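Engineer: Starting off with a structure, shown below.
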Number of protein chains: 2
Amino acid sequence: MTRTVYNTATTLDGFIATSDHSLDWLLSRQIDQNGPMNHADFEKRVGAIVMGSSTYRWVREHEPESWAYSMPAWVLTHRQDLEPHPGADIRITAADTPEALTALHTEMVAAAGGRDVWVVGGGDLAGQFADAGLLDEVVVSIAPVTIGAGAPLLPRHVELVRTEWAVNGEFVCVRYDVVKA
Amino acid sequence: MTRTVYNTATTLDGFIATSDHSLDWLLSRQIDQNGPMNHADFEKRVGAIVMGSSTYRWVREHEPESWAYSMPAWVLTHRQDLEPHPGADIRITAADTPEALTALHTEMVAAAGGRDVWVVGGGDLAGQFADAGLLDEVVVSIAPVTIGAGAPLLPRHVELVRTEWAVNGEFVCVRYDVVKA
């Protein structure tokens, strides 16, 4: 059964990027790519991905020559100036309301073909999925650093239940089920 | 050798209290008081404690009849209206500068008699200790919840190295050494 999963790295104080969109605090860290709760194993279970415009622009700027994902991707934004990466299966769209997001989510689940939907980020997009009752899991890789300000992990009240955890390299990784109202 | 340790519970998104000083998100959680990284074992190694005025007022309001700590305590504040709990060893003082904090820290270390100094909170006080190069460790008990806003865990850039970790009840507990510049 498809699960909708927000999987992200975060600082210990709950930021997924600095205020100026830097991930230097993250990319400098040691992790075992084959270790427990590694990202490759996670991605194998993913059949569709969705991200906000900031996340999309970050990926495009930092990997301008390639698109890392073979699965169908959605970028949720009101911006008119975003272009899909050539040759990639990327749908740029807005989903203004919980109803629109729910309809789009149905589309994503169908596209995922029994695999999971990965909410790549950012935090507010994950929050919109949570608000609409569509978010099933939160998976965090916690880096050993506080940065004091930045883009918030998940700017909502969301109750969680831990289902898995591991240490991998410098990270503490935890998987949670979202408690739905 | 005395270590100066900021030990606190936090939400997954890095808040130690809600914006209106509530800890309801924390106090509702299950934890094994005798389990790994439990607080009683931590407190046995503590010889002096220090907290800011918000933390102090929270403790006084929620435990008006008693004072939970037998070791010497400092409350760092500019406020003139705080009174020590009757019969408790509480010194209310301001330490305006890194130099003043360093001098006060020397006093705390002496009072701790070889045990540790516990920075109870809040986050900015822990940050002041970090700024002055006086913070040795950060210990967090991460509750399975995000709240989206509130009092920040540690509003600074602080690099950390994980030294211990455990799951206890609903919490993920992690101990870090502070990387000093």
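Labeling convention for the structure tokens: chains A, B, ... as they appear, residues from 1 per chain, ligands from 1 in order of appearance.
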Name the residues in contact with region 48-61 of chain A at a cut-off of 10 Å, using only C-alpha atoms, excluding same-chain residues fewer than 4 positions from it; report them as number ranges by chain.
Structural biologist: A: 4-6, 17, 21-23, 43, 65-79, 82-85, 90-94, 105, 107-126
Engineer: Using N, CA and C atoms, can you export the residues from the last selection as a compact mmCIF listing (two decimals), in the first residue's frame?
Structural biologist:
```txt
# COMPACT_ATOMS: atom_id res chain seq x y z
N THR A 4 2.63 7.96 2.06
CA THR A 4 3.14 9.28 1.70
C THR A 4 4.09 9.72 2.81
N VAL A 5 5.36 9.89 2.42
CA VAL A 5 6.45 9.99 3.39
C VAL A 5 7.25 11.29 3.17
N TYR A 6 7.34 12.09 4.20
CA TYR A 6 8.23 13.25 4.20
C TYR A 6 9.57 12.78 4.75
N ALA A 17 17.33 23.89 6.00
CA ALA A 17 18.25 24.71 5.20
C ALA A 17 18.49 26.00 5.97
N HIS A 21 19.22 29.37 2.01
CA HIS A 21 19.05 28.15 1.22
C HIS A 21 20.30 27.28 1.13
N SER A 22 21.23 27.46 2.06
CA SER A 22 22.44 26.65 2.01
C SER A 22 22.23 25.32 2.73
N LEU A 23 22.84 24.27 2.16
CA LEU A 23 22.86 22.96 2.81
C LEU A 23 24.29 22.56 3.19
N GLU A 43 14.70 5.22 -1.45
CA GLU A 43 14.27 5.61 -2.79
C GLU A 43 13.75 4.43 -3.62
N GLU A 65 23.01 19.81 -14.63
CA GLU A 65 23.19 18.97 -15.82
C GLU A 65 22.31 17.72 -15.81
N SER A 66 21.83 17.36 -14.63
CA SER A 66 21.12 16.08 -14.55
C SER A 66 19.88 16.21 -13.68
N TRP A 67 19.04 15.23 -13.76
CA TRP A 67 17.88 15.13 -12.87
C TRP A 67 17.97 13.76 -12.21
N ALA A 68 18.03 13.74 -10.91
CA ALA A 68 18.42 12.53 -10.19
C ALA A 68 17.31 11.48 -10.12
N TYR A 69 16.09 11.83 -10.53
CA TYR A 69 14.95 10.96 -10.24
C TYR A 69 14.31 10.41 -11.51
N SER A 70 14.08 9.12 -11.52
CA SER A 70 13.44 8.50 -12.68
C SER A 70 11.92 8.44 -12.52
N MET A 71 11.44 8.59 -11.31
CA MET A 71 10.00 8.48 -11.08
C MET A 71 9.30 9.81 -11.39
N PRO A 72 7.99 9.75 -11.65
CA PRO A 72 7.23 10.98 -11.90
C PRO A 72 7.37 11.97 -10.74
N ALA A 73 7.54 13.24 -11.11
CA ALA A 73 7.76 14.27 -10.10
C ALA A 73 6.77 15.41 -10.27
N TRP A 74 6.30 15.94 -9.16
CA TRP A 74 5.45 17.12 -9.16
C TRP A 74 6.17 18.25 -8.42
N VAL A 75 6.07 19.45 -8.99
CA VAL A 75 6.56 20.64 -8.29
C VAL A 75 5.35 21.52 -8.02
N LEU A 76 5.06 21.77 -6.75
CA LEU A 76 3.88 22.56 -6.39
C LEU A 76 4.28 24.01 -6.18
N THR A 77 3.74 24.88 -6.99
CA THR A 77 4.13 26.28 -6.92
C THR A 77 3.12 27.14 -7.65
N HIS A 78 3.06 28.42 -7.24
CA HIS A 78 2.30 29.41 -8.00
C HIS A 78 3.19 30.13 -9.01
N ARG A 79 4.48 29.88 -8.93
CA ARG A 79 5.39 30.58 -9.82
C ARG A 79 5.16 30.17 -11.26
N LEU A 82 9.08 28.67 -13.56
CA LEU A 82 9.85 27.44 -13.40
C LEU A 82 9.72 26.58 -14.64
N GLU A 83 10.83 26.02 -15.08
CA GLU A 83 10.80 25.14 -16.24
C GLU A 83 11.20 23.74 -15.82
N PRO A 84 10.51 22.75 -16.33
CA PRO A 84 10.94 21.39 -16.03
C PRO A 84 12.30 21.09 -16.64
N HIS A 85 13.06 20.25 -15.98
CA HIS A 85 14.33 19.80 -16.53
C HIS A 85 14.04 19.04 -17.82
N ILE A 90 8.44 15.81 -15.10
CA ILE A 90 8.17 16.78 -14.04
C ILE A 90 6.92 17.57 -14.39
N ARG A 91 5.96 17.59 -13.48
CA ARG A 91 4.73 18.34 -13.70
C ARG A 91 4.70 19.51 -12.73
N ILE A 92 4.70 20.72 -13.29
CA ILE A 92 4.70 21.92 -12.45
C ILE A 92 3.26 22.42 -12.35
N THR A 93 2.78 22.53 -11.12
CA THR A 93 1.37 22.83 -10.93
C THR A 93 1.16 23.51 -9.59
N ALA A 94 -0.01 24.13 -9.41
CA ALA A 94 -0.39 24.67 -8.11
C ALA A 94 -1.50 23.79 -7.54
N HIS A 105 -3.00 14.37 -5.01
CA HIS A 105 -2.41 13.24 -4.30
C HIS A 105 -2.94 11.91 -4.85
N GLU A 107 -3.75 11.39 -7.87
CA GLU A 107 -2.98 11.24 -9.11
C GLU A 107 -1.58 10.67 -8.82
N MET A 108 -0.95 11.24 -7.81
CA MET A 108 0.41 10.80 -7.45
C MET A 108 0.42 9.35 -7.02
N VAL A 109 -0.55 8.98 -6.19
CA VAL A 109 -0.63 7.60 -5.70
C VAL A 109 -0.81 6.64 -6.87
N ALA A 110 -1.66 7.04 -7.84
CA ALA A 110 -1.85 6.20 -9.03
C ALA A 110 -0.53 6.06 -9.79
N ALA A 111 0.17 7.19 -9.96
CA ALA A 111 1.44 7.17 -10.68
C ALA A 111 2.50 6.33 -9.95
N ALA A 112 2.41 6.30 -8.63
CA ALA A 112 3.41 5.57 -7.84
C ALA A 112 3.28 4.06 -8.01
N GLY A 113 2.14 3.60 -8.48
CA GLY A 113 1.96 2.19 -8.80
C GLY A 113 2.26 1.25 -7.64
N GLY A 114 1.77 1.58 -6.47
CA GLY A 114 1.96 0.70 -5.32
C GLY A 114 3.18 1.06 -4.50
N ARG A 115 4.08 1.86 -5.08
CA ARG A 115 5.22 2.33 -4.30
C ARG A 115 4.81 3.58 -3.51
N ASP A 116 5.77 4.16 -2.78
CA ASP A 116 5.45 5.29 -1.91
C ASP A 116 5.53 6.63 -2.63
N VAL A 117 4.88 7.61 -2.06
CA VAL A 117 5.02 9.00 -2.51
C VAL A 117 5.97 9.70 -1.54
N TRP A 118 7.02 10.29 -2.10
CA TRP A 118 8.01 10.98 -1.27
C TRP A 118 7.79 12.50 -1.35
N VAL A 119 7.47 13.07 -0.20
CA VAL A 119 7.42 14.53 -0.08
C VAL A 119 8.85 14.97 0.23
N VAL A 120 9.52 15.53 -0.80
CA VAL A 120 10.94 15.86 -0.66
C VAL A 120 11.13 17.08 0.24
N GLY A 121 10.23 18.04 0.15
CA GLY A 121 10.28 19.26 0.95
C GLY A 121 9.75 20.41 0.13
N GLY A 122 9.67 21.60 0.74
CA GLY A 122 10.11 21.91 2.09
C GLY A 122 9.08 21.61 3.16
N GLY A 123 9.34 22.20 4.32
CA GLY A 123 8.53 21.95 5.49
C GLY A 123 7.09 22.37 5.34
N ASP A 124 6.87 23.50 4.69
CA ASP A 124 5.49 23.96 4.56
C ASP A 124 4.69 23.04 3.65
N LEU A 125 5.32 22.54 2.60
CA LEU A 125 4.62 21.59 1.72
C LEU A 125 4.26 20.33 2.51
N ALA A 126 5.19 19.83 3.29
CA ALA A 126 4.87 18.66 4.14
C ALA A 126 3.72 19.00 5.08
```
Engineer: Determine, using only C-alpha atoms, which residues of chain B have any atom at most 8 Å from an atom of chain A, and tabulate each with its shortest atom pair and distance in Å to one decimal place, rows ordered by chain and then rising number, as a tab-separated table.
Structural biologist:
```
residue	atom	partner	partner_atom	distance
B:Leu12	CA	A:Gly14	CA	6.7
B:Asp13	CA	A:Gly14	CA	4.0
B:Gly14	CA	A:Asp13	CA	4.0
B:Phe15	CA	A:Asp13	CA	7.4
B:Pro144	CA	A:Leu160	CA	4.9
B:Val145	CA	A:Glu159	CA	4.7
B:Thr146	CA	A:His157	CA	5.2
B:Ile147	CA	A:His157	CA	4.0
B:Gly148	CA	A:Pro155	CA	3.8
B:Ala149	CA	A:Pro155	CA	7.0
B:Pro152	CA	A:Asp13	CA	7.5
B:Leu153	CA	A:Asp13	CA	6.0
B:Leu154	CA	A:Gly148	CA	6.3
B:Pro155	CA	A:Gly148	CA	3.8
B:Arg156	CA	A:Gly148	CA	4.5
B:His157	CA	A:Ile147	CA	4.0
B:Val158	CA	A:Thr146	CA	5.2
B:Glu159	CA	A:Val145	CA	4.7
B:Leu160	CA	A:Pro144	CA	4.9
B:Val161	CA	A:Pro144	CA	6.1
B:Arg162	CA	A:Pro144	CA	6.8
B:Glu170	CA	A:Arg162	CA	7.1
B:Tyr176	CA	A:Pro144	CA	7.7
```
Engineer: Where in chain B does DSSP assign alpha helix (DSSP H), given as a PDB file with C-alpha atoms, in the first residue's frame?
Structural biologist:
```pdb
ATOM      1  CA  ASP B  24       2.047  19.907  27.716  1.00  0.00           C
ATOM      2  CA  TRP B  25       3.610  18.393  24.562  1.00  0.00           C
ATOM      3  CA  LEU B  26       6.327  16.998  26.836  1.00  0.00           C
ATOM      4  CA  LEU B  27       4.637  16.049  30.080  1.00  0.00           C
ATOM      5  CA  HIS B  39      17.259  11.871  34.108  1.00  0.00           C
ATOM      6  CA  ALA B  40      17.895  10.515  37.606  1.00  0.00           C
ATOM      7  CA  ASP B  41      21.266   9.110  36.514  1.00  0.00           C
ATOM      8  CA  PHE B  42      22.111  12.405  34.852  1.00  0.00           C
ATOM      9  CA  GLU B  43      21.221  14.419  37.951  1.00  0.00           C
ATOM     10  CA  LYS B  44      23.421  12.230  40.159  1.00  0.00           C
ATOM     11  CA  SER B  53      14.340  33.531  34.360  1.00  0.00           C
ATOM     12  CA  SER B  54      11.677  31.959  32.101  1.00  0.00           C
ATOM     13  CA  THR B  55      12.754  28.476  33.122  1.00  0.00           C
ATOM     14  CA  TYR B  56      12.873  29.500  36.770  1.00  0.00           C
ATOM     15  CA  ARG B  57       9.411  31.031  36.703  1.00  0.00           C
ATOM     16  CA  TRP B  58       8.041  27.926  34.975  1.00  0.00           C
ATOM     17  CA  VAL B  59       9.473  25.689  37.703  1.00  0.00           C
ATOM     18  CA  ARG B  60       8.187  27.972  40.477  1.00  0.00           C
ATOM     19  CA  GLU B  61       4.699  28.167  38.966  1.00  0.00           C
ATOM     20  CA  HIS B  62       4.394  24.460  38.349  1.00  0.00           C
ATOM     21  CA  PRO B  98      31.042  36.739  28.307  1.00  0.00           C
ATOM     22  CA  GLU B  99      33.642  37.824  30.891  1.00  0.00           C
ATOM     23  CA  ALA B 100      31.049  38.012  33.664  1.00  0.00           C
ATOM     24  CA  LEU B 101      29.621  34.660  32.619  1.00  0.00           C
ATOM     25  CA  THR B 102      33.097  33.136  32.644  1.00  0.00           C
ATOM     26  CA  ALA B 103      33.731  34.448  36.164  1.00  0.00           C
ATOM     27  CA  LEU B 104      30.362  33.122  37.320  1.00  0.00           C
ATOM     28  CA  HIS B 105      31.081  29.783  35.641  1.00  0.00           C
ATOM     29  CA  THR B 106      34.305  29.463  37.641  1.00  0.00           C
ATOM     30  CA  GLU B 107      32.198  29.929  40.779  1.00  0.00           C
ATOM     31  CA  MET B 108      29.711  27.285  39.610  1.00  0.00           C
ATOM     32  CA  VAL B 109      32.457  24.789  38.825  1.00  0.00           C
ATOM     33  CA  ALA B 110      33.932  25.312  42.298  1.00  0.00           C
ATOM     34  CA  ALA B 111      30.495  24.811  43.866  1.00  0.00           C
ATOM     35  CA  ALA B 112      29.940  21.671  41.814  1.00  0.00           C
ATOM     36  CA  GLY B 123      18.069  27.964  24.725  1.00  0.00           C
ATOM     37  CA  ASP B 124      19.487  31.463  24.753  1.00  0.00           C
ATOM     38  CA  LEU B 125      21.222  30.893  28.080  1.00  0.00           C
ATOM     39  CA  ALA B 126      22.775  27.722  26.666  1.00  0.00           C
ATOM     40  CA  GLY B 127      23.779  29.836  23.657  1.00  0.00           C
ATOM     41  CA  GLN B 128      25.491  32.371  25.923  1.00  0.00           C
ATOM     42  CA  PHE B 129      27.516  29.561  27.496  1.00  0.00           C
ATOM     43  CA  ALA B 130      28.384  28.292  24.009  1.00  0.00           C
ATOM     44  CA  ASP B 131      29.374  31.801  22.866  1.00  0.00           C
TER      45      ASP B 131
END
```
Engineer: CA of Ser19 (chain A) to CA of Gly150 (chain B): how many Å, to one decimal?
Structural biologist: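 If I compute the distance from CA of Ser19 (chain A) to CA of Gly150 (chain B), I get 18.0 Å.
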Engineer: Just list the residues in region 9-61 of chain A DSSP gives strand (DSSP E or B) on the backbone, as a PyMOL selection string.
Structural biologist: chain A and resi 9-11+15-17+46-52
